[in-house]
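Below is one structure; the comments refer to it alone.
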Amino acid sequence: MVHFAPWLAPAAVVLVTWGLVGLLQKIATNHLSAESAFIWLLIGYFALEPLIYPGRSLFAYSARSLAVTFCRGLLNAMGSWALLAAMKNGGKASIVVPLTFLYPLVVILAVPLLLNERITRLQSAGVACALIAVALRSV
């Protein structure tokens with residue numbers, strides 16, 4: 001029997017759901033402004049909240065944890081709006097989505113400095129391949 005790491009199933013959900021999001025974002029911005037599409041995105045977040053929130057008090061966490069998470073929310077919101085704006089301003093989903101989904105490169109470049117994680121040569125080659133793939137797709 002094959003055993004999978006416990007993070008693999010949620011990661012697979014991300015792959016499928018964010019893949020569908022990339023398509024739906026373009027469809028939405030064909031009919032709505034980026035700002036309207038963003039508001040509906042937020043409504044979608046709030047609709048899901050009762051199903052996933054653990055029920056603990058929001059303030060049961062440390063101030064540092066809340067501040068980091070709040071900043072993450074602001075950056076996520078800014079990125080979501082900018083992606084919708086790129087789509088609304090004529091960006092093709094087949095180019096904009098893969099380009100913006102290279103955001104893990106920021107993480108890859110930052111983790112050695114901020115989290116003391118080591119990046120292997122093979123992982124560096126993967127980064128290079130991702131950049132080449134997006135460049136080739138954009139032509």
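The way I read the labels, and the way they are meant: chains A, B, ... in the order of the structure tokens, residue 1 as the first residue of every chain, and ligand 1 as the first ligand shown, with later ones counted on from there.
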| Those of region 15-131 of chain A in DSSP helix (DSSP H, G or I), formatted as a PyMOL selection string | chain A and resi 15-29+34-52+58-60+63-88+93-100+104-114+121-131
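For Leu24 (chain A), the set of protein, DNA and RNA residues having any atom at most 12 Å away, when counting only C-alpha atoms and skipping those fewer than 6 positions along the same chain, is Thr17, Trp18, Asn30, His31, Leu32, Ala37, Trp40, Leu41, Leu83, Leu84, Met87, Ala93 and Val97 of chain A.
Going from CA of Ile52 (chain A) to CA of Trp81 (chain A) covers 23.3 Å.
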| message | Taking 3 positions as the minimum chain separation for residues in the same chain, which residues sit within 12 Å of Ala82 (chain A) when counting only C-alpha atoms? Answer as a VMD selection string. | response | chain A and resid 25 29 33 to 35 37 to 38 75 to 79 85 to 89 91 96 to 97 100
| query | Which residues, written as a ChimeraX atom specification, have at least one atom at most 12 Å from Ser94 (chain A), with only C-alpha atoms counted and residues fewer than 5 positions away on the same chain left out? | reply | /A:19,22-23,25-26,87,99-101,134,136-139
Selection to disk with N, CA and C atoms, as a short mmCIF file (atom, residue, chain, number, x, y, z; two decimals), in the first residue's frame:
```
data_model
loop_
_atom_site.label_atom_id
_atom_site.label_comp_id
_atom_site.auth_asym_id
_atom_site.auth_seq_id
_atom_site.Cartn_x
_atom_site.Cartn_y
_atom_site.Cartn_z
N GLY A 19 -6.41 26.05 -10.28
CA GLY A 19 -6.46 25.90 -11.74
C GLY A 19 -7.80 26.36 -12.28
N GLY A 22 -8.14 30.22 -12.11
CA GLY A 22 -7.50 30.93 -13.21
C GLY A 22 -8.43 31.09 -14.40
N LEU A 23 -9.20 30.07 -14.68
CA LEU A 23 -10.17 30.12 -15.77
C LEU A 23 -11.35 31.03 -15.41
N GLN A 25 -11.50 33.45 -13.30
CA GLN A 25 -11.13 34.86 -13.19
C GLN A 25 -11.25 35.56 -14.53
N LYS A 26 -10.81 34.90 -15.57
CA LYS A 26 -10.90 35.52 -16.90
C LYS A 26 -12.35 35.63 -17.34
N MET A 87 -6.31 40.70 -15.98
CA MET A 87 -7.26 40.01 -16.86
C MET A 87 -8.20 41.01 -17.52
N LEU A 99 2.06 33.22 -15.55
CA LEU A 99 3.04 34.20 -15.11
C LEU A 99 2.85 34.55 -13.64
N THR A 100 1.62 34.83 -13.25
CA THR A 100 1.38 35.21 -11.85
C THR A 100 1.53 34.01 -10.91
N PHE A 101 1.33 32.81 -11.42
CA PHE A 101 1.48 31.64 -10.56
C PHE A 101 2.95 31.26 -10.37
N VAL A 134 7.39 29.78 -18.88
CA VAL A 134 6.54 30.95 -18.99
C VAL A 134 7.00 31.85 -20.14
N LEU A 136 8.51 30.90 -22.88
CA LEU A 136 8.12 30.25 -24.13
C LEU A 136 6.61 30.36 -24.36
N ARG A 137 5.83 30.27 -23.31
CA ARG A 137 4.36 30.36 -23.43
C ARG A 137 3.93 31.76 -23.82
N SER A 138 4.70 32.75 -23.47
CA SER A 138 4.33 34.15 -23.71
C SER A 138 4.62 34.59 -25.13
N VAL A 139 5.36 33.79 -25.89
CA VAL A 139 5.73 34.19 -27.25
C VAL A 139 4.61 33.95 -28.22
#
```
